[in-house]
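Novice: Before anything else, here's the structure in question.
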Amino acid sequence: MTWDSGSRVIPALLGLLTLGAATTAAPSAAWALDSERAYTSASQQISSVSAGLGAIQAAIQKSRGEERTAAQRIADAVLLMGSRDYERAANVLNQVVEKYPDHPTAFPDALTLLGETYFRSKQYLSARRVFQRIVASGAEPRFAAYQAKALGRLVDICLRIKDYDALDAVFASMNSVPSAAAGSALSYARGKGLYVKKDFAGAKAALGAVDPQSEYFHQARYLLGLIAVKEATPPPEPLKDGEAPAAVPKTRYVAAIDLFQRVTQLPADTPEHRRVIDLAWLAIGRLFYEADQWAQAVQAYGHIDRVSPEFGTMLYELAWVYVRLGDVDRAQRSLEILAIAEPDSQNIADGTLLRGDLMLRAGRFEKALKVYEGVRATYDPMRARVDAFLGSTSDPAVYYDKLSQEQLEALDTDSALPPLAVQWAREAEDGPAAFAVIDDIHQCRELIKQSNDLIEKLNAVLSSPNRVRAFPELKAGEERALSLLNRVALARLALGQGMDDVEDDPLSGEIGSARARRRALEQRLARVPVTDADFQERETQALRQWNTQSQRLQQLTLQMDTLQATINGLRRVLREGPQAGVVRDPASVARFEHELAQNERDLALYRQQSDVLRRQISAGRVQVGFGDQRFVEDAQVRKAHRDALTREVELAAAGAGGADLAAYAQRVLPVLRAGDAADARVEAALREIEGEVAQKSAGLRQIVGRETASVVHYSVQLEALDREARLVVGEVAMRNFGLVRDRLKNIILRADVGITEEAWEVREEQMTRVRSLQVERAREDRVLKEELNEVLDDSGDPEDEK
């Protein structure tokens with residue numbers, strides 16, 4: 001095996017390291033002006049410079065202006081929350097919390113919104129920390145209005161993370177809330193918590209206090225129905241061998257059904273209320289099914305619309321109701337709709353097997369066999385991959401590492417877990433909490449990585465000569481100042497063209513040297529940017545070169561991905577070769593494995609080098625453009641051209657170039673002095689901008705330093721938490737995947753049983769058909785014999801009869 005493709009990666013990667021600075025634009029055409037037009041144009045341009053100084057001062061004042069107020073920041077966060085951009089909303093609210101801890105209204109508002117943002121983005125532990133801070137500050141008057149909502153959210157968080165023991169502390173805090181401040185939201189939250197704690201009497205009392213006009217009235221009435229179901233259901237009794245469970249009396253759930261029906265009569269004015277009503281109809285259908293009242297159950301399920309989130313669950317349960325009614329066609333129709341409406345439903349496998357059973361019962365053996373074989377073909381590979389995943393290790397720590405998102409991305413397609421199996425494992429017992437830890441740790445690592453990248457970019461900008469790019473207002477002012485300086489420089493360029501129009505011959509002596517220096521600089525000076533389009537073109541040119549290098553790096557990355565795919569394919573060939581009848585000697589297999597491992601190590605080195613180059617390109621992008629080396633060259637050319645032109649005009653005015661040139665030089669001397677004065681004013685404003693940039697850069701460096709230390713601290717804490725969670729989460733995830741494997745085995749076993757039953761049914765049908773044919777044949781033989789005997793009897797001889 002050769003590695004020619006990989007050998008070309010390193011030189012290409014190293015070639016990117018020689019990336020230089022951006023080149024300048026192509027020179028523009030030389031100017032050609034007569035002396036009079038040059039004088040007029042230069043005078044007008046220098047006169048217009050004074051009018052542009054106001055824009056520079058405005059930019060400086062804007063940069064010194066006050067920051068956005070706390071109320072404005074909170075308004076921004078509310079808009080971001082409305083657009084579900086919770087990450088940016090949390091950043092804005094954290095800024096308010098850090099900058100305005102003593103504000104009488106902004107601080108509690110921001111803290112409450114921050115907790116709500118964390119809750120909506122499912123960062124429950126962060127939300128609990130924020131709401132606990134609000135509850136702990138209940139003695140302060142500014143937090144009094146936020147106690148009820150914070151306590152309600154604490155109950156919701158305890159229910160979602162299943163930390164029921166923490167509810168007692170929340171209830172104790174609820175008791176300290178004044179009755180005037182305790183509204184329907186707090187009563188509903190208390191009722192939910194007491195229901196989970198199985199204090200049904202207290203829950204009914206709390207839920208009964210919810211105001212009918214409250215947004216939680218629908219949910220409260222639904223919980224009352226659930227309590228009625230719990231109270232009407234007796235504890236299960238142990239059954240003897242072969243004993244069937246007792247039938248449910250039809251009157252057992254009458255009270256609960258009545259409560260749920262009252263929920264369905266409430267107005268469906270919000271999406272949340274519509275879902276509560278759908279859940280109530282679903283509960284009614286289930287209770288009728290338990291009481292063997294199947295017709296009423298069908299009517300209840302029929303109220304759930306296809307746009308409801310519960311539509312898939314309703315279809316599966318409705319199919320079972322039709323099965324009990326003996327309506328096979330409608331049951332199959334419900335299951336077919338379920339397969340189309342929710343192909344990823346938890347009930348899709350059971351529903352498909354049930355559809356096969358119904359087809360088998362209806363005598364459609366060929367279709368039933370296709371259904372069973374389809375189930376086996378779908379879920380047997382999943383079972384094999386989950387089984388292989390579980391058999392790869394029994395160490396929970398190693399298992400946790402394999403389940404992390406980074407490790408899952410590194411697995412090849414043959415060993416990756418099926419998405420449906422991962423979904424079932426997440427939804428199994430304790431699965432949401434266990435997998436949430438894995439997801440949260442992966443997200444924290446990504447955030448820390450992004451923070452480090454941002455810190456690198458900020459340090460690159462602050463350490464570069466064009467650090468003004470970090471401050472948009474000051475960048476706009478400096479761009480305006482450079483535009484004015486370049487305009488004055490172009491005015492001098494026009495005056496030089498006018499000098500050439502008066503006397504075009506090269507002169508001798510000192511004036512000739514000055515003229516030669518001035519003419520040598522004119523071509524470069526003509527390329528300085530003046531308009532916004534000129535500055536934008538320079539930015540585009542600089543970024544275009546870095547984009548080219550980035551594209552080259554991306555091409556190399558694709559080559560590395562291709563090489564990795566080749567390695568994975570070769571490993572698969574070596575692994576599956578004996579199954580395909582290709583047998584190799586152990587020495588050859590060991591040699592191939594060694595070479596693959598070496599090439600994989602080389603590929604890992606290439607990836608590391610590409611990561612370094614990618615960071616360098618990212619840093620280079622923020623260092624080029626406005627204020628880079630081209631602008632430094634502009635300043636040098638401006639100064640050299642100004643000195644050369646000034647010296648040439650002074651010598652010409654003294655008569656060194658002839659009478660005509662002396663007259664023109666004496667005429668342009670005031671214009672040059674006006675240009676020098678304009679330069680002085682613009683340069684003073686430019687120095688003021690540079691001072692602002694230096695001051696703001698120093699403050700920004702301090703902030704970056706503090707944040708860098710915080711990121712390092714967070715990284716250490718994350719690694720500690722990762723070590724603590726490794727064993728626990730690994731055990732839970734391993735158990736859940738074991739449950740998934742058992743479920744997949746059960747599905748495959750049921751499919752095999754269905755295939756076997758189909759074969760027996762076909763055999764029985766064929767045997768029955770054979771028996772029927774044999775009986776029919778025997779009957780026909782008997783009839784033929786009887787007819788033959790009758791014929792023989794009718795045609796007999798009289799002698800024979802005697």
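In the structure tokens, the first chain shown is A, the next is B, and so on; residue numbers restart at 1 for each chain, and ligands run from 1 in the order shown.
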List the neighbours of Ala150 (chain A) out to 10 Å using only C-alpha atoms; skip same-chain residues closer than 2 positions along the sequence, and give me the result as a list in words.

Specialist: Thr112, Gly115, Glu116, Ala127, Arg128, Val130, Phe131, Gln132, Arg133, Ile134, Val135, Ala145, Tyr146, Gln147, Ala148, Gly152, Arg153, Leu154, Val155, Asp156, Val170 and Leu186 of chain A

Novice: Which residues are near Trp294 (chain A)? Cut-off 12 Å, only C-alpha atoms, ignore same chain within fewer than 4 positions. Put them as a VMD selection string.

Specialist: chain A and resid 250 284 to 290 298 to 301 317 to 327

Novice: Store the residues of this selection in a file with C-alpha atoms, as a compact mmCIF listing (two decimals), in the first residue's frame.

Specialist:
```txt
# COMPACT_ATOMS: atom_id res chain seq x y z
CA LYS A 250 -67.53 0.88 34.16
CA ILE A 284 -60.92 10.24 28.29
CA GLY A 285 -60.24 7.76 25.50
CA ARG A 286 -57.84 5.79 27.69
CA LEU A 287 -60.28 5.64 30.59
CA PHE A 288 -63.09 4.41 28.32
CA TYR A 289 -60.73 1.80 26.92
CA GLU A 290 -59.85 0.59 30.42
CA VAL A 298 -63.44 6.03 19.57
CA GLN A 299 -65.53 9.17 19.92
CA ALA A 300 -63.08 10.68 22.41
CA TYR A 301 -60.03 9.95 20.25
CA GLU A 317 -54.21 3.80 20.80
CA LEU A 318 -57.18 4.14 18.43
CA ALA A 319 -55.88 1.15 16.47
CA TRP A 320 -56.04 -0.97 19.62
CA VAL A 321 -59.58 0.21 20.25
CA TYR A 322 -60.57 -0.94 16.75
CA VAL A 323 -58.85 -4.24 17.41
CA ARG A 324 -61.00 -4.73 20.48
CA LEU A 325 -64.04 -3.81 18.40
CA GLY A 326 -63.03 -6.31 15.74
CA ASP A 327 -62.81 -3.65 13.02
```

Novice: So which residues touch Arg492 (chain A) within 10 Å, counting only C-alpha atoms, skipping near sequence neighbours fewer than 6 positions away, as a list in words?

Specialist: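 So, after excluding close chain neighbours, the residues are Ala38, Tyr39, Ser41, Ala42, Ser43, Gln45, Ile46, Asn486, Gly498, Glu522, Arg638, His641, Arg642, Leu645, Thr646, Val668, Val671, Leu672 and Gly675 of chain A.
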
Novice: Atoms to include: C-alpha atoms. Write the selected residues as a compact mmCIF listing (two decimals), in the first residue's frame.

Specialist:
```txt
# COMPACT_ATOMS: atom_id res chain seq x y z
CA ALA A 38 -4.42 72.18 -11.56
CA TYR A 39 -4.35 75.38 -9.52
CA SER A 41 -8.66 71.96 -8.55
CA ALA A 42 -6.04 72.01 -5.77
CA SER A 43 -7.51 75.18 -4.25
CA GLN A 45 -9.89 70.41 -2.66
CA ILE A 46 -7.87 72.05 0.10
CA ASN A 486 -5.24 61.91 0.82
CA GLY A 498 0.64 72.13 -13.09
CA GLU A 522 3.38 60.45 -8.18
CA ARG A 638 2.44 61.56 1.25
CA HIS A 641 5.91 63.89 -1.97
CA ARG A 642 4.99 66.89 0.16
CA LEU A 645 7.03 69.39 -3.95
CA THR A 646 7.54 72.05 -1.30
CA VAL A 668 0.82 78.18 -5.69
CA VAL A 671 -2.12 77.01 -1.69
CA LEU A 672 0.67 74.79 -0.42
CA GLY A 675 -2.57 72.52 2.46
```

Novice: Just want the 6 Å neighbourhood of region 189-192 of chain A, counted on only C-alpha atoms, with same-chain residues fewer than 4 positions away dropped. Output as a VMD selection string.

Specialist: chain A and resid 152 203 206 to 207

Novice: How far is it from CA of Arg274 (chain A) to CA of Leu114 (chain A), in Å with one decimal?

Specialist: 28.0 Å

Novice: Within 12 Å of Gln72 (chain A), counting only C-alpha atoms, which residues qualify if same-chain residues fewer than 3 places away don't, as a list of chain:residue names?

Specialist: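 What passes the distance filter is A:Glu67, A:Arg68, A:Thr69, A:Ala75, A:Asp76, A:Ala77, A:Val78, A:Leu79, A:Val92, A:Leu93, A:Gln95, A:Val96, A:Ala106, A:Ala110.
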
Novice: Which residue, A:Leu369, A:Val704, A:Leu739, A:Ile438, has the smallest gap to Asp401 (chain A) when you use only C-alpha atoms?

Specialist: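 Answer, going by the shortest atom-to-atom distance: A:Ile438.
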
Novice: If we count only C-alpha atoms, what is near Arg735 (chain A) at a cut-off of 10 Å, once residues fewer than 5 positions away on the same chain are taken out, given as a list of chain:residue names?

Specialist: A:Leu390, A:Ala425, A:Ala428, A:Glu429, A:Asp430, A:Gly431, A:Val729, A:Gly730, A:Val740, A:Arg741

Novice: I'd like the neighbourhood of Leu485 (chain A) as a ChimeraX atom specification, where a residue qualifies if any of its atoms comes within 12 Å (using only C-alpha atoms), though same-chain residues fewer than 4 positions away should be ignored.

Specialist: /A:45-46,48-50,52-53,478-481,489-492,525,528-531,631,634-635,637-639,642,675-686

Novice: Create the file for the chosen residues now, containing C-alpha atoms and written as a JSON list (two decimals), in the first residue's frame.

Specialist:
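The resulting selection39.json:
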```
[["chain", "number", "residue", "atom", "x", "y", "z"],
["A", 45, "GLN", "CA", -9.89, 70.41, -2.66],
["A", 46, "ILE", "CA", -7.87, 72.05, 0.10],
["A", 48, "SER", "CA", -13.15, 71.48, 1.25],
["A", 49, "VAL", "CA", -10.94, 69.80, 3.83],
["A", 50, "SER", "CA", -11.99, 72.18, 6.58],
["A", 52, "GLY", "CA", -14.78, 67.54, 6.63],
["A", 53, "LEU", "CA", -13.19, 68.04, 10.05],
["A", 478, "GLU", "CA", -9.85, 57.69, 11.15],
["A", 479, "GLU", "CA", -11.02, 56.65, 7.71],
["A", 480, "ARG", "CA", -12.48, 60.13, 7.25],
["A", 481, "ALA", "CA", -9.22, 61.73, 8.43],
["A", 489, "ALA", "CA", -2.07, 64.95, -1.14],
["A", 490, "LEU", "CA", -3.94, 64.67, -4.44],
["A", 491, "ALA", "CA", -4.24, 68.44, -4.47],
["A", 492, "ARG", "CA", -0.44, 68.63, -4.22],
["A", 525, "LEU", "CA", 0.49, 58.63, -4.66],
["A", 528, "VAL", "CA", -4.26, 56.44, -2.25],
["A", 529, "PRO", "CA", -7.93, 55.91, -1.30],
["A", 530, "VAL", "CA", -10.21, 58.92, -1.07],
["A", 531, "THR", "CA", -13.83, 57.76, -1.30],
["A", 631, "PHE", "CA", -1.78, 52.62, 4.71],
["A", 634, "ASP", "CA", 0.49, 55.85, 1.96],
["A", 635, "ALA", "CA", 1.66, 58.03, 4.85],
["A", 637, "VAL", "CA", 4.56, 58.56, 0.21],
["A", 638, "ARG", "CA", 2.44, 61.56, 1.25],
["A", 639, "LYS", "CA", 5.21, 62.96, 3.41],
["A", 642, "ARG", "CA", 4.99, 66.89, 0.16],
["A", 675, "GLY", "CA", -2.57, 72.52, 2.46],
["A", 676, "ASP", "CA", 0.04, 72.29, 5.20],
["A", 677, "ALA", "CA", -2.34, 74.00, 7.62],
["A", 678, "ALA", "CA", -5.14, 71.62, 6.64],
["A", 679, "ASP", "CA", -2.78, 68.69, 7.14],
["A", 680, "ALA", "CA", -1.88, 69.97, 10.59],
["A", 681, "ARG", "CA", -5.53, 70.20, 11.63],
["A", 682, "VAL", "CA", -6.36, 66.75, 10.28],
["A", 683, "GLU", "CA", -3.26, 65.21, 11.83],
["A", 684, "ALA", "CA", -4.16, 66.73, 15.18],
["A", 685, "ALA", "CA", -7.59, 65.12, 14.94],
["A", 686, "LEU", "CA", -5.93, 61.88, 13.87]]
```

Novice: Work out how far apart CA of Val624 (chain A) and CA of Gly699 (chain A) are and give it in Å to one decimal.

Specialist: 22.7 Å

Novice: According to DSSP computed on the backbone, where in region 355-495 of chain A is there helix (DSSP H, G or I)? Give the residues as a ChimeraX atom specification.

Specialist: /A:355-361,365-391,396-403,405-410,419-427,431-462,467-470,472-495

Novice: Would you compute the distance between CA of Gln629 (chain A) and CA of Gln545 (chain A)? Give it in Å to one decimal.

Specialist: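 Distance between the two atoms: 14.8 Å.
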
Novice: Which of these, A:Val263, A:Ala665, A:Lys122, A:Arg376, has the shortest distance to Asn746 (chain A) once you count only C-alpha atoms?

Specialist: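 Of A:Val263, A:Ala665, A:Lys122, A:Arg376, the one nearest Asn746 (chain A) is A:Arg376, counting only C-alpha atoms.
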